[in-house]
Each structure stands twice: as structure tokens, then as C-alpha cells.
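*Asks:* Below: one structure in C-alpha cells.
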Amino acid sequence: MGELYGIGPAQAHTPTAFGVHTIGILATLPESTVQRILGGRTGRLLHERAKGIDRRAVVPTHLPSPTARAPNAASPSTPSTPPPSAPSCSPSPFSSATGSATASKPPGPSPSP
């Protein structure tokens with residue numbers, strides 16, 4: 001229970017005394033039961049967090065600059081090697097030697113006119 005954000009050692013002891021030993025058990029209990037054990041506001045808050053709900057606003061602390069480069073992008077001073085060529089594959093049964101996509105007809109009776 002102590003791994004749940006917002007619950008300290010003293011608060012972790014209270015649900016344990018009621019048989020709630022894991023965050024999963026806390027999440028499956030009705031919210032009203034958790035509120036009776038931990039108090040109204042704290043019970044609601046910890047019940048939501050046990051279910052993965054966090055209503056706090058996400059505020060970015062750092063935005064990337066528009067001129068930032070990817071860390072693995074090749075710089076102009078670094079010579080780049082060409083990518084390896086693709087392995088050759090056998091021709092597809094659905095293409096001809098010239099590369100046009102023509103499907104071969106399956107064996108069987110020919111359609112009547």
C-alpha cells in the first residue's frame with residue numbers, strides 16, 4: 001500500500017488493519033467503503049489513484065525548441081554511410097518478368113461464354 005502516491009506509512013497501516021493489503025484490493029472496493037476507512041476526501045483520492053485516475057493537470061515544465069535535432073541524426077561534419085541494399089527476393093507469382101502486376105489464372109475449368 002505504501003507504493004501508492006499520496007499514502008504515507010501511517011495511512012498505509014489503516015487499510016491493512018481492515019484486510020486491504022494491496023492496491024488491487026483497494027481498487028476493487030466500493031468508493032464509499034474506502035472513504036469510511038480513510039476519510040471522505042482522502043478515501044476518494046486514493047481510491048481513484050488505485051484505479052489509475054489522477055485528476056491533476058499535466059503542466060509541461062520544458063518544451064523542446066523548434067530547432068532541436070534528434071539525438072541520432074547525422075551531423076553535416078560526420079560522413080554518413082549509405083543504407084545497406086535490400087536482399088534480393090524471388091519474383092512473386094503475381095508479377096511478370098517486366099514487373100507488371102498480372103495474376104496467373106488458377107487451374108481448373110475455363111468459364112463458358
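Chain labels A, B, ... are given in the sequence in which chains occur in the C-alpha cells; within each chain residues are numbered consecutively from 1, and ligands are likewise numbered from 1 in the order shown.
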Write out as a PyMOL selection string each polymer residue whose atoms come within 12 Å of Ile37 of chain A, counting only C-alpha atoms; drop sequence neighbours fewer than 5 positions from it.

*Replies:* chain A and resi 11-20+26+29-32+42-44+46-47

*Asks:* Could you save those same residues with N, CA and C atoms as a short mmCIF file (atom, residue, chain, number, x, y, z; two decimals), in the first residue's frame?

*Replies:*
```cif
data_model
loop_
_atom_site.label_atom_id
_atom_site.label_comp_id
_atom_site.auth_asym_id
_atom_site.auth_seq_id
_atom_site.Cartn_x
_atom_site.Cartn_y
_atom_site.Cartn_z
N GLN A 11 -0.97 6.10 6.99
CA GLN A 11 -2.20 5.83 6.25
C GLN A 11 -2.18 4.43 5.65
N ALA A 12 -1.03 3.90 5.33
CA ALA A 12 -0.94 2.55 4.78
C ALA A 12 -1.32 1.51 5.83
N HIS A 13 -1.10 1.83 7.09
CA HIS A 13 -1.42 0.90 8.17
C HIS A 13 -2.94 0.75 8.35
N THR A 14 -3.68 1.84 8.16
CA THR A 14 -5.13 1.82 8.39
C THR A 14 -5.85 0.83 7.47
N PRO A 15 -5.67 0.87 6.13
CA PRO A 15 -6.37 -0.12 5.30
C PRO A 15 -5.90 -1.55 5.59
N THR A 16 -4.63 -1.70 5.94
CA THR A 16 -4.11 -3.04 6.25
C THR A 16 -4.84 -3.64 7.45
N ALA A 17 -5.19 -2.81 8.41
CA ALA A 17 -5.92 -3.29 9.58
C ALA A 17 -7.31 -3.81 9.20
N PHE A 18 -7.85 -3.35 8.06
CA PHE A 18 -9.15 -3.80 7.58
C PHE A 18 -9.03 -4.92 6.55
N GLY A 19 -7.81 -5.43 6.34
CA GLY A 19 -7.61 -6.53 5.39
C GLY A 19 -7.30 -6.09 3.98
N VAL A 20 -7.09 -4.80 3.76
CA VAL A 20 -6.76 -4.29 2.42
C VAL A 20 -5.23 -4.19 2.36
N LEU A 26 -7.73 -2.42 -2.94
CA LEU A 26 -8.25 -1.08 -2.71
C LEU A 26 -9.06 -0.61 -3.92
N LEU A 29 -12.65 -2.26 -4.10
CA LEU A 29 -13.64 -1.90 -3.07
C LEU A 29 -14.52 -0.76 -3.56
N PRO A 30 -15.75 -0.70 -3.08
CA PRO A 30 -16.58 0.47 -3.40
C PRO A 30 -15.94 1.74 -2.81
N GLU A 31 -16.11 2.84 -3.50
CA GLU A 31 -15.51 4.10 -3.04
C GLU A 31 -16.02 4.48 -1.66
N SER A 32 -17.27 4.22 -1.38
CA SER A 32 -17.83 4.58 -0.07
C SER A 32 -17.14 3.81 1.06
N THR A 42 -9.69 11.92 1.39
CA THR A 42 -8.54 11.04 1.21
C THR A 42 -8.97 9.70 0.63
N GLY A 43 -10.09 9.18 1.09
CA GLY A 43 -10.59 7.91 0.58
C GLY A 43 -10.92 7.99 -0.90
N ARG A 44 -11.60 9.08 -1.31
CA ARG A 44 -11.93 9.26 -2.73
C ARG A 44 -10.68 9.38 -3.56
N LEU A 46 -7.50 8.40 -2.93
CA LEU A 46 -6.70 7.18 -3.02
C LEU A 46 -7.42 6.06 -3.77
N HIS A 47 -8.74 6.03 -3.68
CA HIS A 47 -9.50 5.06 -4.47
C HIS A 47 -9.32 5.33 -5.96
#
```

*Asks:* Taking only C-alpha atoms into account, name the residue in A:Ile7, A:Val59, A:Leu45, A:Ala50 that is nearest to Ala27 of chain A.

*Replies:*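 Selected residue with least distance to Ala27 of chain A: A:Ala50.
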
*Asks:* Taking into account only C-alpha atoms, which residue in the set A:Leu4, A:Leu63, A:Leu38, A:Val58 is nearest to Gly24 of chain A?

*Replies:*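 Closest residue, counting only C-alpha atoms: A:Leu4.
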
*Asks:* For atom CA of Ile25 of chain A and atom CA of Arg41 of chain A, determine how far apart the two atoms are, in Å to one decimal place.

*Replies:*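 Between atom CA of Ile25 of chain A and atom CA of Arg41 of chain A the gap works out to 18.9 Å.
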